[in-house]
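Source file entry.pdb; content: PDB, C-alpha atoms, pLDDT in the B column.
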```pdb
MODEL        1
ATOM      1  CA  MET A 949     250.937 168.641 248.303  1.00 44.00           C
ATOM      2  CA  ASP A 950     252.497 165.888 250.447  1.00 55.00           C
ATOM      3  CA  ASN A 951     252.301 162.419 248.838  1.00 59.00           C
ATOM      4  CA  ASP A 952     250.993 160.698 252.028  1.00 61.00           C
ATOM      5  CA  LYS A 953     248.319 163.369 252.356  1.00 59.00           C
ATOM      6  CA  GLU A 954     247.214 162.998 248.739  1.00 61.00           C
ATOM      7  CA  MET A 955     247.046 159.216 248.997  1.00 59.00           C
ATOM      8  CA  ASP A 956     245.089 159.272 252.298  1.00 62.00           C
ATOM      9  CA  LEU A 957     242.520 161.697 250.948  1.00 60.00           C
ATOM     10  CA  LEU A 958     242.219 160.040 247.535  1.00 55.00           C
ATOM     11  CA  LEU A 959     241.839 156.555 249.019  1.00 56.00           C
ATOM     12  CA  GLY A 960     239.190 157.767 251.448  1.00 59.00           C
ATOM     13  CA  LYS A 961     237.194 159.519 248.729  1.00 55.00           C
ATOM     14  CA  ILE A 962     237.419 156.631 246.254  1.00 51.00           C
ATOM     15  CA  LEU A 963     236.326 154.050 248.768  1.00 49.00           C
ATOM     16  CA  ALA A 964     233.569 156.253 250.150  1.00 51.00           C
ATOM     17  CA  ALA A 965     232.260 156.770 246.602  1.00 47.00           C
ATOM     18  CA  GLN A 966     232.249 153.016 246.077  1.00 45.00           C
ATOM     19  CA  ASN A 967     230.277 152.582 249.313  1.00 44.00           C
ATOM     20  CA  GLN A 968     232.779 150.040 250.619  1.00 41.00           C
ATOM     21  CA  PRO A 969     232.248 148.641 254.136  1.00 42.00           C
ATOM     22  CA  LEU A 970     234.375 150.306 256.775  1.00 40.00           C
ATOM     23  CA  THR A 971     237.008 148.369 258.692  1.00 41.00           C
ATOM     24  CA  PRO A 972     238.822 149.448 261.851  1.00 39.00           C
ATOM     25  CA  PRO A 973     242.465 150.448 261.712  1.00 40.00           C
ATOM     26  CA  THR A 974     244.760 147.427 261.492  1.00 38.00           C
ATOM     27  CA  THR A 975     247.422 149.022 263.662  1.00 38.00           C
ATOM     28  CA  LYS A 976     246.806 149.443 267.381  1.00 39.00           C
ATOM     29  CA  PRO A 977     248.189 152.466 269.258  1.00 41.00           C
ATOM     30  CA  SER A 978     250.734 150.232 271.011  1.00 41.00           C
ATOM     31  CA  SER A 979     252.143 148.943 267.701  1.00 43.00           C
ATOM     32  CA  PRO A 980     255.775 149.745 266.870  1.00 42.00           C
ATOM     33  CA  ALA A 981     254.461 151.180 263.590  1.00 53.00           C
ATOM     34  CA  SER A 982     252.657 153.915 265.562  1.00 56.00           C
ATOM     35  CA  VAL A 983     254.306 157.105 266.797  1.00 60.00           C
ATOM     36  CA  GLU A 984     252.625 159.444 269.279  1.00 63.00           C
ATOM     37  CA  ARG A 985     253.746 163.074 269.224  1.00 76.00           C
ATOM     38  CA  GLY A 986     251.803 165.419 271.492  1.00 86.00           C
ATOM     39  CA  PRO A 987     248.506 167.114 272.320  1.00 91.00           C
ATOM     40  CA  VAL A 988     246.464 168.309 269.347  1.00 91.00           C
ATOM     41  CA  THR A 989     243.101 169.811 268.505  1.00 94.00           C
ATOM     42  CA  VAL A 990     241.909 169.530 264.910  1.00 94.00           C
ATOM     43  CA  GLU A 991     238.827 171.254 263.513  1.00 96.00           C
ATOM     44  CA  GLY A 992     237.319 170.025 260.267  1.00 97.00           C
ATOM     45  CA  ILE A 993     234.663 167.895 258.594  1.00 97.00           C
ATOM     46  CA  ALA A 994     233.840 164.425 259.958  1.00 97.00           C
ATOM     47  CA  GLU A 995     234.083 161.850 257.151  1.00 97.00           C
ATOM     48  CA  ASP A 996     234.275 158.068 256.900  1.00 96.00           C
ATOM     49  CA  ALA A 997     237.184 156.439 255.075  1.00 88.00           C
ATOM     50  CA  PHE A 998     238.159 152.834 254.392  1.00 82.00           C
ATOM     51  CA  ASN A 999     240.422 152.562 257.447  1.00 81.00           C
ATOM     52  CA  GLY A1000     238.071 154.374 259.820  1.00 89.00           C
ATOM     53  CA  ALA A1001     236.681 157.756 260.737  1.00 94.00           C
ATOM     54  CA  VAL A1002     238.639 160.870 259.778  1.00 93.00           C
ATOM     55  CA  VAL A1003     238.415 164.573 260.407  1.00 96.00           C
ATOM     56  CA  VAL A1004     239.467 166.482 257.285  1.00 95.00           C
ATOM     57  CA  ASP A1005     241.021 169.799 258.243  1.00 93.00           C
ATOM     58  CA  ASP A1006     240.788 173.076 256.306  1.00 94.00           C
ATOM     59  CA  ASP A1007     243.909 172.132 254.304  1.00 92.00           C
ATOM     60  CA  ASP A1008     242.163 168.899 253.162  1.00 93.00           C
ATOM     61  CA  TRP A1009     244.451 166.777 255.370  1.00 90.00           C
ATOM     62  CA  PRO A1010     242.664 163.689 256.771  1.00 90.00           C
ATOM     63  CA  HIS A1011     243.418 162.759 260.393  1.00 93.00           C
ATOM     64  CA  TYR A1012     242.259 159.256 261.377  1.00 90.00           C
ATOM     65  CA  VAL A1013     240.520 159.004 264.750  1.00 93.00           C
ATOM     66  CA  VAL A1014     242.105 155.847 266.196  1.00 90.00           C
ATOM     67  CA  GLY A1015     239.514 153.328 267.372  1.00 91.00           C
ATOM     68  CA  LEU A1016     236.526 155.004 265.677  1.00 94.00           C
ATOM     69  CA  GLU A1017     235.322 152.888 262.744  1.00 93.00           C
ATOM     70  CA  GLU A1018     232.755 155.399 261.500  1.00 95.00           C
ATOM     71  CA  TRP A1019     231.086 158.606 262.577  1.00 96.00           C
ATOM     72  CA  HIS A1020     227.643 158.563 264.148  1.00 95.00           C
ATOM     73  CA  PRO A1021     225.122 160.154 261.741  1.00 95.00           C
ATOM     74  CA  ASP A1022     224.838 163.151 264.107  1.00 94.00           C
ATOM     75  CA  TYR A1023     228.482 164.033 263.262  1.00 96.00           C
ATOM     76  CA  LEU A1024     229.019 162.652 259.740  1.00 96.00           C
ATOM     77  CA  GLY A1025     229.561 165.416 257.183  1.00 97.00           C
ATOM     78  CA  LYS A1026     229.479 168.111 259.852  1.00 97.00           C
ATOM     79  CA  ARG A1027     232.147 170.358 261.318  1.00 97.00           C
ATOM     80  CA  VAL A1028     233.735 168.925 264.475  1.00 97.00           C
ATOM     81  CA  THR A1029     236.624 169.593 266.828  1.00 97.00           C
ATOM     82  CA  VAL A1030     238.706 166.535 267.739  1.00 96.00           C
ATOM     83  CA  THR A1031     241.164 166.671 270.655  1.00 95.00           C
ATOM     84  CA  GLY A1032     243.713 164.005 271.557  1.00 94.00           C
ATOM     85  CA  THR A1033     247.328 163.011 270.946  1.00 91.00           C
ATOM     86  CA  SER A1034     248.716 163.517 267.448  1.00 87.00           C
ATOM     87  CA  GLY A1035     250.768 160.863 265.753  1.00 84.00           C
ATOM     88  CA  ARG A1036     251.519 158.826 262.636  1.00 77.00           C
ATOM     89  CA  SER A1037     250.545 155.221 262.109  1.00 64.00           C
ATOM     90  CA  GLU A1038     250.738 152.626 259.363  1.00 63.00           C
ATOM     91  CA  LEU A1039     247.057 151.775 258.974  1.00 58.00           C
ATOM     92  CA  ALA A1040     247.496 149.203 256.220  1.00 55.00           C
ATOM     93  CA  PRO A1041     250.361 147.218 254.740  1.00 53.00           C
ATOM     94  CA  ASP A1042     252.309 148.659 251.810  1.00 59.00           C
ATOM     95  CA  PRO A1043     250.854 147.733 248.408  1.00 60.00           C
ATOM     96  CA  ASP A1044     252.517 144.627 247.028  1.00 67.00           C
ATOM     97  CA  SER A1045     253.536 143.772 243.480  1.00 70.00           C
ATOM     98  CA  ARG A1046     252.197 140.499 242.185  1.00 71.00           C
ATOM     99  CA  PRO A1047     253.891 138.174 239.682  1.00 76.00           C
ATOM    100  CA  ASP A1048     251.399 139.215 236.983  1.00 79.00           C
ATOM    101  CA  GLY A1049     252.369 142.875 237.491  1.00 72.00           C
ATOM    102  CA  ALA A1050     249.197 143.850 239.355  1.00 74.00           C
ATOM    103  CA  ILE A1051     249.519 145.999 242.441  1.00 66.00           C
ATOM    104  CA  GLY A1052     247.804 144.692 245.590  1.00 64.00           C
ATOM    105  CA  HIS A1053     245.768 146.815 247.960  1.00 60.00           C
ATOM    106  CA  GLY A1054     247.537 148.776 250.650  1.00 54.00           C
ATOM    107  CA  SER A1055     248.673 152.209 251.694  1.00 57.00           C
ATOM    108  CA  LYS A1056     252.295 153.301 251.360  1.00 56.00           C
ATOM    109  CA  GLY A1057     253.733 154.997 254.391  1.00 59.00           C
ATOM    110  CA  SER A1058     251.995 156.295 257.463  1.00 63.00           C
ATOM    111  CA  SER A1059     248.882 158.366 258.056  1.00 74.00           C
ATOM    112  CA  SER A1060     248.119 161.230 260.408  1.00 83.00           C
ATOM    113  CA  VAL A1061     246.191 159.883 263.409  1.00 88.00           C
ATOM    114  CA  ILE A1062     244.702 161.142 266.650  1.00 91.00           C
ATOM    115  CA  PHE A1063     244.992 158.797 269.651  1.00 90.00           C
ATOM    116  CA  ASN A1064     242.726 158.948 272.732  1.00 93.00           C
ATOM    117  CA  ALA A1065     240.381 161.311 270.907  1.00 94.00           C
ATOM    118  CA  THR A1066     237.344 163.161 272.130  1.00 95.00           C
ATOM    119  CA  TRP A1067     235.165 165.267 269.836  1.00 96.00           C
ATOM    120  CA  LYS A1068     232.319 167.715 269.741  1.00 96.00           C
ATOM    121  CA  SER A1069     230.235 169.444 267.113  1.00 95.00           C
ATOM    122  CA  VAL A1070     231.153 172.959 266.091  1.00 94.00           C
ATOM    123  CA  GLU A1071     228.074 175.158 266.190  1.00 75.00           C
TER     124      GLU A1071
ENDMDL
END
```

Kindly return the structure encoded in the file as structure tokens.
Amino acid sequence: MDNDKEMDLLLGKILAAQNQPLTPPTTKPSSPASVERGPVTVEGIAEDAFNGAVVVDDDDWPHYVVGLEEWHPDYLGKRVTVTGTSGRSELAPDPDSRPDGAIGHGSKGSSSVIFNATWKSVE
């Protein structure tokens, strides 16, 4: 499994289990750290993660929905189709090493994102 994919999914599940408050993505679509690729439609389960709303596809890959902090209860935990522009974005700074050896919060690398997204429930 891809390291970025594992980290995105693990971080989302850990933070969701801890019932942490959600924060919007720290990187805007116009940021140089963001790369848009092309049109995409992703079907999967709507979940909330630390950096915002995600749709987790059938391969357990989380795709962040840029600009959506959390799913409305009508969608959360349900199967949805999300359409927009695929891309990669650095949603948080890289983890930092502290003088005492502790590792600071962050997310190494970039995450799969969907810009300009629209969504609907899958019946």

* Asked: When the PyMOL selection byres ((chain A and resi 1025) around 9) is applied to the file above, which residues end up in the set, as a ChimeraX atom specification?
  -> /A:993-996,1019,1021-1024,1026-1027

* If the PyMOL selection byres ((chain A and resi 1034) around 8) is run on the structure shown, which residues does it catch, given as number ranges by chain? -> A: 984-988, 1032-1033, 1035-1036, 1060-1063

With C-alpha atoms retained, could you export that selection as a PDB file, keeping the file's coordinate frame?
```
ATOM      1  CA  GLU A 984     252.625 159.444 269.279  1.00 63.00           C
ATOM      2  CA  ARG A 985     253.746 163.074 269.224  1.00 76.00           C
ATOM      3  CA  GLY A 986     251.803 165.419 271.492  1.00 86.00           C
ATOM      4  CA  PRO A 987     248.506 167.114 272.320  1.00 91.00           C
ATOM      5  CA  VAL A 988     246.464 168.309 269.347  1.00 91.00           C
ATOM      6  CA  GLY A1032     243.713 164.005 271.557  1.00 94.00           C
ATOM      7  CA  THR A1033     247.328 163.011 270.946  1.00 91.00           C
ATOM      8  CA  GLY A1035     250.768 160.863 265.753  1.00 84.00           C
ATOM      9  CA  ARG A1036     251.519 158.826 262.636  1.00 77.00           C
ATOM     10  CA  SER A1060     248.119 161.230 260.408  1.00 83.00           C
ATOM     11  CA  VAL A1061     246.191 159.883 263.409  1.00 88.00           C
ATOM     12  CA  ILE A1062     244.702 161.142 266.650  1.00 91.00           C
ATOM     13  CA  PHE A1063     244.992 158.797 269.651  1.00 90.00           C
TER      14      PHE A1063
END
```

* For CA of Trp1067 (chain A) and CA of Val1002 (chain A), determine how far apart the two atoms are, in Å to one decimal place. =>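 CA of Val1002 (chain A) lies 11.5 Å from CA of Trp1067 (chain A).
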
* Structure fact -> As a check of understanding: the span from CA of Asn999 (chain A) to CA of Thr1066 (chain A) is 18.4 Å

* Computed interatomic separation between CA of Thr1029 (chain A) and CA of Val1004 (chain A) (Å) ->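 For CA of Thr1029 (chain A) relative to CA of Val1004 (chain A), the distance reads 10.4 Å.
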
* **A:Ala997, A:Val1003, A:Ala1050, A:Val1030 ranked by distance to Glu1017 (chain A), top pick (using only C-alpha atoms)** => A:Ala997

* Asked: Which residue gives the smallest distance to Gly992 (chain A) among A:Lys1068, A:Ser1059, A:Val1013, A:Val1028, with all atoms listed in the file counted?
  ->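 Using all atoms listed in the file, Gly992 (chain A) sits closest to A:Val1028.
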